[in-house]
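Peer 1: Compact mmCIF, C-alpha atoms, file input-v2.txt:
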# COMPACT_ATOMS: atom_id res chain seq x y z
CA MET A 234 20.80 83.93 65.12
CA ALA A 235 23.48 81.75 63.51
CA ALA A 236 24.49 84.61 61.18
CA ASP A 237 24.76 86.97 64.14
CA ALA A 238 26.89 84.42 66.00
CA ILE A 239 29.27 84.19 63.03
CA ALA A 240 29.40 87.96 62.39
CA ALA A 241 30.25 88.83 65.99
CA PRO A 242 33.69 87.09 66.00
CA ARG A 243 34.47 88.58 62.58
CA ALA A 244 33.69 92.07 63.84
CA ALA A 245 35.85 91.46 66.91
CA ASP A 246 38.71 90.26 64.68
CA ARG A 247 38.40 93.34 62.47
CA GLU A 248 38.38 95.59 65.51
CA ALA A 249 41.47 93.85 66.91
CA GLY A 250 43.19 94.20 63.52
CA TRP A 251 42.44 97.93 63.39
CA ARG A 252 43.80 98.32 66.92
CA ASP A 253 47.03 96.58 65.88
CA ILE A 254 47.35 98.83 62.82
CA VAL A 255 46.75 101.95 64.91
CA ALA A 256 49.29 100.74 67.49
CA VAL A 257 51.95 100.15 64.80
CA ILE A 258 51.32 103.53 63.17
CA GLY A 259 51.35 105.23 66.57
CA ALA A 260 54.65 103.58 67.48
CA ARG A 261 56.23 104.69 64.20
CA VAL A 262 54.94 108.23 64.61
CA LEU A 263 56.27 108.40 68.17
CA ASP A 264 59.63 107.05 67.02
CA ARG A 265 59.76 109.69 64.28
CA LEU A 266 58.85 112.44 66.74
CA ARG A 267 61.59 111.28 69.12
CA ARG A 268 64.14 111.46 66.31
CA ILE A 269 62.98 114.96 65.40
CA ALA A 270 63.07 116.09 69.03
CA ALA A 271 66.58 114.62 69.42
CA VAL A 272 68.05 117.08 66.91
CA ILE A 273 66.59 120.15 68.64
CA ARG A 274 68.96 121.70 71.18
CA PRO A 275 67.73 123.72 74.20
CA LEU A 276 68.35 126.99 72.37
CA GLY A 277 66.23 125.69 69.49
CA TRP A 278 63.32 124.91 71.82
CA THR A 279 63.64 128.40 73.30
CA VAL A 280 63.59 130.14 69.90
CA MET A 281 60.57 128.15 68.69
CA ALA A 282 58.70 128.78 71.96
CA LEU A 283 59.40 132.51 71.68
CA ALA A 284 58.25 132.52 68.05
CA VAL A 285 54.93 130.89 68.97
CA ALA A 286 54.46 133.09 72.03
CA ALA A 287 55.23 136.28 70.08
CA TRP A 288 52.85 135.38 67.24
CA VAL A 289 49.99 134.44 69.59
CA THR A 290 50.50 137.53 71.77
CA GLY A 291 50.64 139.83 68.74
CA GLN A 292 47.45 138.34 67.31
CA LEU A 293 45.57 138.64 70.59
CA LEU A 294 46.69 142.19 71.34
CA GLY A 295 46.84 143.41 67.77
CA TRP A 296 50.53 144.29 67.97
CA GLN A 297 51.94 143.84 64.50
CA GLU A 298 55.53 144.40 65.69
CA VAL A 299 55.25 141.39 68.00
CA VAL A 300 53.70 139.32 65.19
CA VAL A 301 56.61 140.24 62.91
CA THR A 302 59.07 139.30 65.65
CA GLY A 303 57.45 135.87 65.91
CA LEU A 304 57.59 135.39 62.15
CA VAL A 305 61.27 136.40 62.07
CA LEU A 306 62.11 133.93 64.83
CA ALA A 307 60.20 131.20 62.99
CA ALA A 308 62.06 132.01 59.77
CA VAL A 309 65.38 131.84 61.61
CA ALA A 310 64.44 128.40 63.00
CA VAL A 311 63.46 127.16 59.51
CA ILE A 312 66.70 128.44 57.93
CA CYS A 313 68.79 126.82 60.69
CA ALA A 314 66.92 123.52 60.22
CA LEU A 315 67.96 123.51 56.54
CA PHE A 316 71.58 123.02 57.66
CA LEU A 317 70.64 119.48 58.77
CA ILE A 318 69.95 118.46 55.19
CA GLY A 319 72.77 116.46 53.67
CA ARG A 320 74.64 113.19 53.99
CA THR A 321 77.20 112.40 56.69
CA GLU A 322 78.01 108.87 55.57
CA TYR A 323 81.73 108.91 56.17
CA ASP A 324 83.82 105.80 56.52
CA VAL A 325 85.44 106.53 59.90
CA SER A 326 88.64 104.88 61.13
CA LEU A 327 89.99 105.48 64.64
CA ASP A 328 93.59 104.37 65.10
CA LEU A 329 95.67 104.69 68.27
CA ALA A 330 99.39 104.24 67.76
CA ARG A 331 99.56 102.55 71.17
CA THR A 332 96.67 101.35 73.29
CA ARG A 333 98.94 101.07 76.35
CA VAL A 334 100.94 103.97 77.77
CA VAL A 335 102.50 104.88 81.10
CA VAL A 336 101.18 107.71 83.25
CA GLY A 337 102.52 110.99 81.93
CA GLU A 338 103.01 109.79 78.35
CA ARG A 339 100.91 111.08 75.47
CA ALA A 340 98.79 108.66 73.49
CA VAL A 341 98.92 109.64 69.81
CA GLY A 342 96.21 108.66 67.37
CA ALA A 343 94.69 109.43 63.99
CA LEU A 344 91.09 109.90 62.89
CA THR A 345 90.49 109.20 59.20
CA LEU A 346 87.26 110.05 57.34
CA LEU A 347 86.64 108.89 53.77
CA ASN A 348 83.75 109.79 51.45
CA ARG A 349 82.98 106.61 49.52
CA GLY A 350 79.74 107.98 48.07
CA SER A 351 79.12 109.44 44.65
CA ARG A 352 78.18 112.89 45.98
CA ALA A 353 80.09 115.44 47.99
CA ILE A 354 79.55 115.74 51.74
CA LEU A 355 79.09 119.23 53.14
CA PRO A 356 81.27 120.50 56.01
CA SER A 357 80.54 118.90 59.36
CA ARG A 358 81.93 118.52 62.83
CA VAL A 359 83.40 115.36 64.33
CA VAL A 360 83.23 114.72 68.08
CA LEU A 361 85.64 112.27 69.69
CA PRO A 362 84.81 111.40 73.34
CA VAL A 363 87.89 110.76 75.47
CA GLY A 364 86.94 109.56 78.93
CA ALA A 365 84.85 112.28 80.56
CA GLY A 366 85.95 114.91 78.02
CA ARG A 367 85.76 115.17 74.28
CA GLY A 368 87.65 116.56 71.32
CA GLU A 369 86.09 118.29 68.32
CA PHE A 370 87.36 118.50 64.74
CA SER A 371 85.98 120.58 61.89
CA ILE A 372 85.85 118.64 58.63
CA GLY A 373 85.53 120.60 55.39
CA ARG A 374 83.64 119.61 52.29
CA LEU A 375 84.72 116.17 51.02
CA ALA A 376 84.37 115.31 47.37
CA PRO A 377 83.61 111.72 46.33
CA GLY A 378 86.62 109.55 47.15
CA GLN A 379 88.32 112.31 49.14
CA GLU A 380 89.85 111.58 52.53
CA ALA A 381 90.51 113.74 55.58
CA GLU A 382 92.85 112.85 58.44
CA GLU A 383 93.05 114.47 61.85
CA LEU A 384 95.89 113.72 64.28
CA PHE A 385 95.38 114.05 68.02
CA ALA A 386 97.26 113.49 71.27
CA ILE A 387 95.72 112.41 74.58
CA PRO A 388 97.58 113.53 77.73
CA THR A 389 97.55 110.99 80.58
CA GLN A 390 97.89 112.47 84.04
CA ARG A 391 96.10 109.63 85.84
CA ARG A 392 96.32 105.86 85.81
CA GLY A 393 93.23 104.10 84.52
CA VAL A 394 91.39 102.82 81.47
CA VAL A 395 90.25 105.61 79.15
CA LYS A 396 87.50 104.89 76.64
CA VAL A 397 88.22 106.67 73.37
CA GLY A 398 85.17 106.99 71.09
CA PRO A 399 82.78 106.18 69.60
CA VAL A 400 83.24 108.88 66.97
CA SER A 401 80.18 111.03 66.27
CA VAL A 402 79.71 112.99 63.04
CA VAL A 403 77.68 116.11 63.85
CA ARG A 404 75.76 118.36 61.46
CA GLY A 405 74.31 121.58 62.81
CA ASP A 406 73.59 125.24 62.18
CA PRO A 407 75.84 128.19 63.02
CA LEU A 408 73.51 129.40 65.80
CA GLY A 409 73.40 126.04 67.56
CA LEU A 410 69.62 125.58 67.37
CA PHE A 411 69.74 122.11 65.84
CA GLU A 412 72.27 119.30 65.85
CA ARG A 413 72.20 115.87 64.23
CA ALA A 414 74.76 113.29 65.33
CA HIS A 415 75.60 109.92 63.80
CA ARG A 416 77.85 107.53 65.67
CA ARG A 417 80.58 105.79 63.74
CA ASP A 418 83.21 103.18 64.62
CA ASP A 419 83.59 101.35 67.95
CA PRO A 420 85.25 102.77 71.07
CA VAL A 421 88.84 101.83 71.87
CA ASP A 422 90.16 101.20 75.40
CA LEU A 423 93.36 103.08 76.25
CA TYR A 424 95.20 101.51 79.19
CA VAL A 425 97.22 103.99 81.24
CA HIS A 426 99.68 101.85 83.18
CA PRO A 427 101.18 102.85 86.53
CA ASN A 428 104.80 103.91 86.75
CA THR A 429 107.16 101.02 87.49
CA THR A 430 110.87 100.69 88.12
CA LEU A 431 113.25 98.04 86.84
CA PHE A 432 115.86 96.57 89.11
CA GLY A 433 118.26 93.65 89.02
CA GLY A 434 120.38 91.93 91.58
CA GLN A 435 119.31 88.99 93.70
CA SER A 436 116.12 87.17 92.81
CA LEU A 437 113.11 88.26 94.79
CA GLY A 438 112.09 84.76 95.75
CA PHE A 439 113.40 81.32 96.57
CA LEU A 440 113.34 79.13 93.46
CA ARG A 441 112.39 76.12 95.48
CA ASP A 442 111.52 73.68 92.75
CA LEU A 443 113.28 70.65 91.29
CA GLU A 444 116.07 72.83 89.91
CA GLY A 445 116.07 75.47 92.62
CA LEU A 446 117.16 75.91 96.20
CA PRO A 447 115.88 73.77 99.07
CA ALA A 448 113.93 75.26 101.93
CA ALA A 449 114.93 75.14 105.58
CA ASP A 450 111.90 72.99 106.43
CA LEU A 451 112.51 69.27 106.85
CA SER A 452 110.34 66.55 105.36
CA ARG A 453 110.05 62.77 105.39
CA ASP A 454 109.45 62.66 101.64
CA ASP A 455 111.05 64.93 99.02
CA VAL A 456 113.93 65.10 96.55
CA SER A 457 116.62 67.02 98.45
CA PHE A 458 118.50 64.64 100.80
CA HIS A 459 119.42 66.07 104.20
CA ALA A 460 120.33 63.42 106.79
CA LEU A 461 119.66 59.91 108.17
CA LEU A 462 117.32 59.22 111.04
CA GLU A 463 116.18 56.16 112.91
CA TYR A 464 113.09 54.53 111.49
CA GLN A 465 109.83 55.60 113.10
CA PRO A 466 106.52 53.77 112.71
CA GLY A 467 104.79 55.15 109.67
CA ASP A 468 107.95 56.07 107.74
CA ASP A 469 107.98 55.06 104.08
CA LEU A 470 110.03 51.86 103.67
CA ARG A 471 111.15 53.09 100.26
CA HIS A 472 113.39 55.60 102.03
CA VAL A 473 115.26 53.03 104.17
CA HIS A 474 119.03 53.38 103.78
CA TRP A 475 120.03 49.70 103.76
CA ARG A 476 123.79 50.20 103.93
CA SER A 477 123.58 52.28 107.10
CA THR A 478 121.03 49.84 108.49
CA ALA A 479 123.42 46.91 107.93
CA ARG A 480 126.38 48.81 109.41
CA THR A 481 124.62 50.06 112.55
CA GLY A 482 122.15 47.28 113.09
CA THR A 483 119.38 49.89 113.39
CA MET A 484 116.96 50.63 110.59
CA MET A 485 117.82 54.08 109.20
CA VAL A 486 115.71 56.20 106.87
CA ARG A 487 116.54 59.25 104.79
CA GLN A 488 115.36 62.71 105.85
CA PHE A 489 114.83 65.35 103.18
CA GLU A 490 114.70 69.11 102.91
CA GLU A 491 111.30 70.27 101.80
CA THR A 492 111.10 71.80 98.34
CA ARG A 493 108.29 73.82 96.84
CA ARG A 494 107.26 75.19 93.52
CA SER A 495 108.22 78.86 93.04
CA HIS A 496 105.05 80.75 93.86
CA PHE A 497 105.23 84.49 94.34
CA VAL A 498 102.13 86.16 95.79
CA ILE A 499 101.48 89.89 95.95
CA GLY A 500 98.77 91.25 98.22
CA LEU A 501 97.78 94.85 97.49
CA THR A 502 95.28 96.49 99.79
CA ARG A 503 92.95 98.96 98.09
CA SER A 504 91.09 100.05 101.19
CA PRO A 505 91.11 103.88 101.42
CA ARG A 506 91.54 103.58 105.18
CA ASP A 507 95.01 102.09 104.70
CA TYR A 508 96.43 105.15 102.91
CA ARG A 509 96.98 108.72 104.00
CA SER A 510 96.58 110.16 100.49
CA ASP A 511 95.74 109.23 96.92
CA GLU A 512 99.41 109.70 96.05
CA ASP A 513 100.33 106.92 98.48
CA PHE A 514 97.71 104.66 96.89
CA GLU A 515 99.19 105.26 93.43
CA LEU A 516 102.68 104.62 94.80
CA ALA A 517 101.51 101.31 96.27
CA ILE A 518 100.13 100.25 92.88
CA SER A 519 103.45 101.15 91.25
CA VAL A 520 105.32 99.12 93.88
CA ALA A 521 103.08 96.09 93.30
CA GLY A 522 103.61 96.38 89.54
CA SER A 523 107.39 96.68 89.87
CA ILE A 524 107.67 93.67 92.17
CA GLY A 525 105.34 91.62 89.97
CA LEU A 526 107.31 92.39 86.81
CA ARG A 527 110.56 91.37 88.51
CA ALA A 528 109.03 88.12 89.74
CA LEU A 529 107.78 87.34 86.24
CA ARG A 530 111.26 87.95 84.85
CA ASP A 531 112.50 85.43 87.43
CA SER A 532 110.14 82.90 85.76
CA GLN A 533 108.03 82.53 88.86
CA LYS A 534 104.35 81.87 89.11
CA VAL A 535 102.83 85.17 90.22
CA ASP A 536 99.46 85.71 91.88
CA VAL A 537 98.19 89.22 92.65
CA ARG A 538 95.23 89.71 94.95
CA VAL A 539 93.28 92.72 96.15
CA GLN A 540 90.17 92.92 98.26
CA GLY A 541 87.37 91.16 96.44
CA HIS A 542 89.14 89.40 93.60
CA GLU A 543 92.34 88.15 92.00
CA LEU A 544 94.06 90.17 89.28
CA PRO A 545 95.20 88.42 86.07
CA ALA A 546 99.00 88.38 86.14
CA GLY A 547 100.12 85.67 83.73
CA THR A 548 102.23 88.14 81.75
CA GLY A 549 103.60 91.61 82.32
CA LYS A 550 100.96 93.12 80.05
CA GLN A 551 98.14 91.36 81.91
CA LEU A 552 99.56 92.51 85.24
CA LEU A 553 99.83 96.17 84.24
CA ASP A 554 96.41 96.11 82.53
CA SER A 555 94.89 94.76 85.73
CA LEU A 556 96.61 97.35 87.91
CA SER A 557 95.35 100.10 85.60
CA MET A 558 91.79 99.21 86.63
CA VAL A 559 92.35 98.98 90.41
CA GLU A 560 90.19 101.38 92.40
CA HIS A 561 89.47 101.91 96.10
CA SER A 562 87.43 99.16 97.70
CA ARG A 563 84.29 99.46 99.78
CA PRO A 564 84.51 99.58 103.60
CA ARG A 565 82.82 96.19 103.95
CA ASP A 566 85.70 94.54 102.03
CA GLY A 567 88.01 95.12 104.99
CA GLY A 568 91.65 96.13 105.19
CA VAL A 569 95.05 94.46 105.44
CA PRO A 570 94.15 91.76 108.03
CA GLU A 571 91.17 90.59 105.95
CA LEU A 572 93.30 90.55 102.80
CA ALA A 573 95.94 88.48 104.58
CA GLY A 574 93.29 85.97 105.60
CA VAL A 575 92.23 85.58 101.97
CA LEU A 576 95.88 85.09 100.92
CA ALA A 577 96.37 82.36 103.52
CA ALA A 578 93.20 80.57 102.42
CA THR A 579 93.81 80.76 98.65
CA THR A 580 97.61 80.61 98.27
CA ALA A 581 98.73 78.09 100.88
CA SER A 582 101.62 76.93 98.64
CA ALA A 583 103.18 80.40 98.35
CA SER A 584 106.94 80.55 98.74
CA VAL A 585 107.16 84.36 99.01
CA VAL A 586 104.40 86.84 99.88
CA ALA A 587 104.81 90.57 99.28
CA LEU A 588 102.21 92.63 101.12
CA VAL A 589 101.87 96.24 99.92
CA CYS A 590 99.98 98.79 102.03
CA GLY A 591 99.94 102.41 103.18
CA SER A 592 101.33 104.01 106.31
CA ALA A 593 97.82 104.45 107.77
CA VAL A 594 97.86 100.74 108.69
CA SER A 595 98.57 100.39 112.41
CA SER A 596 101.39 98.21 113.71
CA GLU A 597 98.83 95.92 115.35
CA ASP A 598 96.96 95.36 112.08
CA LEU A 599 100.22 94.79 110.22
CA ARG A 600 101.38 92.29 112.83
CA LEU A 601 98.03 90.49 112.63
CA ALA A 602 98.24 90.40 108.84
CA CYS A 603 101.77 88.97 108.88
CA SER A 604 100.72 86.28 111.37
CA ARG A 605 97.98 85.13 108.97
CA MET A 606 100.31 84.54 106.04
CA PRO A 607 100.73 81.02 104.56
CA PHE A 608 102.84 78.77 106.76
CA GLY A 609 106.45 78.48 105.62
CA ALA A 610 106.32 81.42 103.22
CA ARG A 611 108.75 84.29 103.44
CA VAL A 612 106.84 87.51 104.05
CA ILE A 613 107.93 90.94 102.86
CA ALA A 614 105.73 93.93 103.71
CA VAL A 615 106.22 97.17 101.80
CA VAL A 616 104.71 100.24 103.49
CA VAL A 617 104.43 103.38 101.36
CA GLN A 618 104.62 106.75 103.06
CA GLY A 619 105.05 109.90 101.04
CA GLY A 620 107.82 112.16 102.27
CA VAL A 621 110.17 109.45 103.56
CA GLU A 622 113.62 110.30 102.23
CA GLN A 623 115.37 106.99 102.95
CA PRO A 624 113.94 103.46 103.06
CA ALA A 625 113.66 101.97 106.54
CA LEU A 626 113.76 98.29 107.49
CA ARG A 627 112.29 96.63 110.56
CA ARG A 628 111.00 93.22 111.66
CA ILE A 629 107.42 92.47 112.65
CA ALA A 630 107.02 88.86 113.78
CA ASP A 631 108.65 86.78 111.01
CA ALA A 632 108.15 89.42 108.33
CA ASP A 633 110.59 91.95 106.91
CA VAL A 634 108.89 95.35 106.77
CA VAL A 635 110.31 98.15 104.62
CA THR A 636 109.00 101.70 104.43
CA ILE A 637 109.60 103.77 101.30
CA GLY A 638 108.58 107.26 100.23
CA ALA A 639 109.25 107.07 96.48
CA LEU A 640 109.33 104.41 93.78
CA ASP A 641 113.05 104.79 93.13
CA GLN A 642 113.72 103.74 96.74
CA LEU A 643 112.24 100.27 96.13
CA PRO A 644 115.39 98.57 94.69
CA LEU A 645 117.53 99.72 97.65
CA ALA A 646 114.86 98.66 100.15
CA LEU A 647 114.57 95.16 98.68
CA GLN A 648 118.33 94.88 98.53
CA LYS A 649 118.43 95.45 102.29
CA VAL A 650 115.79 92.74 102.79
CA LEU A 651 117.50 90.15 100.61
CA ALA A 652 121.03 90.92 101.72
Output the file's structure as structure tokens, nothing else.
Peer 2:
Amino acid sequence: MAADAIAAPRAADREAGWRDIVAVIGARVLDRLRRIAAVIRPLGWTVMALAVAAWVTGQLLGWQEVVVTGLVLAAVAVICALFLIGRTEYDVSLDLARTRVVVGERAVGALTLLNRGSRAILPSRVVLPVGAGRGEFSIGRLAPGQEAEELFAIPTQRRGVVKVGPVSVVRGDPLGLFERAHRRDDPVDLYVHPNTTLFGGQSLGFLRDLEGLPAADLSRDDVSFHALLEYQPGDDLRHVHWRSTARTGTMMVRQFEETRRSHFVIGLTRSPRDYRSDEDFELAISVAGSIGLRALRDSQKVDVRVQGHELPAGTGKQLLDSLSMVEHSRPRDGGVPELAGVLAATTASASVVALVCGSAVSSEDLRLACSRMPFGARVIAVVVQGGVEQPALRRIADADVVTIGALDQLPLALQKVLA
């Protein structure tokens, strides 16, 4: 009984060990079968299925012609599979001359393949994915140490971020029955920036800091002296003007003009309901980029917000990279009034706010948005409307509203606002 009690756990352990071994072997076999199946293209599956069907049918019906057809198809599949034999261990280098271009420019790059092995590499095909498309290059036989270079150009008709790569080295047969691909190198992001326009003239904003211009708002405590007033309970005694107090017999305190740090805020709506066409949406992005670049050149702090998040805009490159990735928002994110509410809540210290939207925004929504802007900030609304030949200027509440139909109209429109 004791021996049986000891033998039972040992038998269970052996059985568990065999199960683990079978599971490991099964997993490896399945992995190998998946790799084999991955190199067979749909045409390859069709040819092999026809070969099996023809051989079985010929055997059952005694038709030698059908049997021969099956054998020929099987031989063709075997010969095509032999094309997969061989090394494809290239050293692949993907180099883009520029990873940032403007819409309409061509991005030029080079693809370099080097055989560092001690044996030659047979001809192969290299596939380079570019966004949703792909480019293909035929690489001839490379001897040990030999290098091949392929130059390519990527046209950019649309703003966005295009993923270039990863490069795949493909070996296959002439009939396209089998294909083996090996990925090389890492993908590269190509930023396609929106079109922007440069303009000079008057600064876009009020430089209301210690070295800038004072605001029209009055304050009891600041650095820009404005006038003298009679003392009121609660006034800071440090601002008492003792000479005037002694001369008039009434305690007088200094009044100041309020100053602020230069803070330029751009609100760009990305709601599809606010634009009449995709062209207007792209124009709005270009307008936001142009205004932001000018504000950065004026050494102002720039914040750019869209529905849902803030865009990095510390430098011109960051700003344009961020605008390259802007897409339409979801309906639940709201339109211009909701965006204005976010601006008022997050950028209360703004000195100038530029709101960019499409002509589909109603006057009521635009008025509501302008009324929600941070208190004391100057508001400029830029409405884009394709087909407008001359910029138009109007006032809505305390905001200057300009309507433009093309990017080159922006400098003239802002000149009218700041005149």
Peer 1: Give me the residues near Gly525 in chain A as a PyMOL selection string, where near means some atom within 10 Å (using only C-alpha atoms) and where sequence neighbours in that chain fewer than 4 positions away do not count.
Peer 2: chain A and resi 429+437+497-499+519-521+529-531+533-537+546+548-549+552-553+587
Peer 1: From the list A:Glu560, A:Glu597, A:Asp554, A:Glu543, which residue is nearest Ser504 in chain A when using all atoms listed in the file?
Peer 2: A:Glu560
Peer 1: Considering only C-alpha atoms, state which residue in the set A:Val403, A:Val299, A:Ala646, A:Leu344 is at the smallest distance from Ile318 in chain A.
Peer 2: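 Going through A:Val403, A:Val299, A:Ala646, A:Leu344 one by one, the smallest distance to Ile318 in chain A is for A:Val403.
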Peer 1: Between CA of Arg538 in chain A and CA of Ala577 in chain A, what is the distance in Å, rounded to a tenth?
Peer 2: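 The value is 11.3 Å.
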Peer 1: Around (101.9, 97.9, 101.6) in the file's own coordinates, what residues are found within 9 Å if you use only C-alpha atoms, given back as a PyMOL selection string?
Peer 2: chain A and resi 500-502+507+517+520-521+569+587-592+594+614-617+635-636
Peer 1: For C-alpha atoms, I'd like the residues from the last selection saved as a PDB file, in the frame of the given file.
Peer 2:
ATOM      1  CA  GLY A 500      98.770  91.250  98.220  1.00  0.00           C
ATOM      2  CA  LEU A 501      97.780  94.850  97.490  1.00  0.00           C
ATOM      3  CA  THR A 502      95.280  96.490  99.790  1.00  0.00           C
ATOM      4  CA  ASP A 507      95.010 102.090 104.700  1.00  0.00           C
ATOM      5  CA  ALA A 517     101.510 101.310  96.270  1.00  0.00           C
ATOM      6  CA  VAL A 520     105.320  99.120  93.880  1.00  0.00           C
ATOM      7  CA  ALA A 521     103.080  96.090  93.300  1.00  0.00           C
ATOM      8  CA  VAL A 569      95.050  94.460 105.440  1.00  0.00           C
ATOM      9  CA  ALA A 587     104.810  90.570  99.280  1.00  0.00           C
ATOM     10  CA  LEU A 588     102.210  92.630 101.120  1.00  0.00           C
ATOM     11  CA  VAL A 589     101.870  96.240  99.920  1.00  0.00           C
ATOM     12  CA  CYS A 590      99.980  98.790 102.030  1.00  0.00           C
ATOM     13  CA  GLY A 591      99.940 102.410 103.180  1.00  0.00           C
ATOM     14  CA  SER A 592     101.330 104.010 106.310  1.00  0.00           C
ATOM     15  CA  VAL A 594      97.860 100.740 108.690  1.00  0.00           C
ATOM     16  CA  ALA A 614     105.730  93.930 103.710  1.00  0.00           C
ATOM     17  CA  VAL A 615     106.220  97.170 101.800  1.00  0.00           C
ATOM     18  CA  VAL A 616     104.710 100.240 103.490  1.00  0.00           C
ATOM     19  CA  VAL A 617     104.430 103.380 101.360  1.00  0.00           C
ATOM     20  CA  VAL A 635     110.310  98.150 104.620  1.00  0.00           C
ATOM     21  CA  THR A 636     109.000 101.700 104.430  1.00  0.00           C
TER      22      THR A 636
END
Peer 1: Skipping near chain neighbours, those fewer than 4 positions away, what residues fall within 10 Å of Val360 in chain A using all atoms listed in the file, listed as a list in words?
Peer 2: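 My list of contacting residues is Arg367, Gly368, Glu369, Phe370, Ser371, Gly398, Pro399, Val400, Ser401, Val402, Val403, Ala414, His415 and Arg416 of chain A.
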Peer 1: How many Å separate CA of His474 in chain A from CA of Gln488 in chain A?
Peer 2: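 Rounded to one decimal, the two atoms are 10.2 Å apart.
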Peer 1: What is the distance, in Å and to one decimal place, between CA of Arg352 in chain A and CA of Gln379 in chain A?
Peer 2: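 That distance, rounded to one decimal, is 10.6 Å.
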Peer 1: Given the choices A:Ser477, A:Ser562, A:Gln551, A:Thr579, which gets closest to Arg605 in chain A if the distance is worked out from only C-alpha atoms?
Peer 2: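 Once distances to Arg605 in chain A are computed over only C-alpha atoms, the minimum belongs to A:Thr579.
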Peer 1: Using only C-alpha atoms, can you list as a ChimeraX atom specification the residues within 9 Å of (79.0, 120.1, 58.9)?
Peer 2: /A:316-317,319,321,354-359,371-374,402-406
Peer 1: Between A:Val634, A:Leu276, A:Leu576, A:Cys603, which residue has the minimum interatomic distance to Glu412 in chain A, considering only C-alpha atoms?
Peer 2: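 Closest to Glu412 in chain A, using only C-alpha atoms: A:Leu276.
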Peer 1: For range 307-310 of chain A, list every protein, DNA or RNA residue within 10 Å, evaluated using all atoms listed in the file, and leave out those in the same chain fewer than 5 positions away; present the list as a PyMOL selection string.
Peer 2: chain A and resi 277-278+280-285+288+301-302+315+406+408+410-411
Peer 1: Excluding Val336 in chain A and any residue of its chain fewer than 5 positions from it, enumerate the residues within 8 Å of it, using all atoms listed in the file, and give them as a compact mmCIF listing (two decimals) with C-alpha atoms, in the frame of the given file.
Peer 2:
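Saved the output as part09.txt:
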# COMPACT_ATOMS: atom_id res chain seq x y z
CA THR A 389 97.55 110.99 80.58
CA GLN A 390 97.89 112.47 84.04
CA ARG A 391 96.10 109.63 85.84
CA ARG A 392 96.32 105.86 85.81
CA VAL A 425 97.22 103.99 81.24
CA HIS A 426 99.68 101.85 83.18
CA PRO A 427 101.18 102.85 86.53
CA ASN A 428 104.80 103.91 86.75
Peer 1: Taking into account only C-alpha atoms, which residue in the set A:Ala256, A:Leu375, A:Leu431, A:Ala639 is nearest to Phe514 in chain A?
Peer 2: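 Closest to Phe514 in chain A of all the choices is A:Ala639.
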Peer 1: Name the closest residue to Leu640 in chain A among the candidates A:Ala581, A:Arg471, A:Arg487, A:Ser523; distances are taken between atoms, counting all atoms listed in the file.
Peer 2: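 Looking only at the distances to Leu640 in chain A, the closest residue turns out to be A:Ser523.
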Peer 1: Ala386 in chain A: which residues within 10 Å, counting only C-alpha atoms, same-chain residues fewer than 2 positions away excluded, as a PDB file with C-alpha atoms, keeping the file's coordinate frame?
Peer 2:
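Contents of part.pdb, freshly written:
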ATOM      1  CA  LEU A 329      95.670 104.690  68.270  1.00  0.00           C
ATOM      2  CA  GLU A 338     103.010 109.790  78.350  1.00  0.00           C
ATOM      3  CA  ARG A 339     100.910 111.080  75.470  1.00  0.00           C
ATOM      4  CA  ALA A 340      98.790 108.660  73.490  1.00  0.00           C
ATOM      5  CA  VAL A 341      98.920 109.640  69.810  1.00  0.00           C
ATOM      6  CA  GLY A 342      96.210 108.660  67.370  1.00  0.00           C
ATOM      7  CA  ALA A 343      94.690 109.430  63.990  1.00  0.00           C
ATOM      8  CA  LEU A 384      95.890 113.720  64.280  1.00  0.00           C
ATOM      9  CA  PRO A 388      97.580 113.530  77.730  1.00  0.00           C
ATOM     10  CA  THR A 389      97.550 110.990  80.580  1.00  0.00           C
TER      11      THR A 389
END
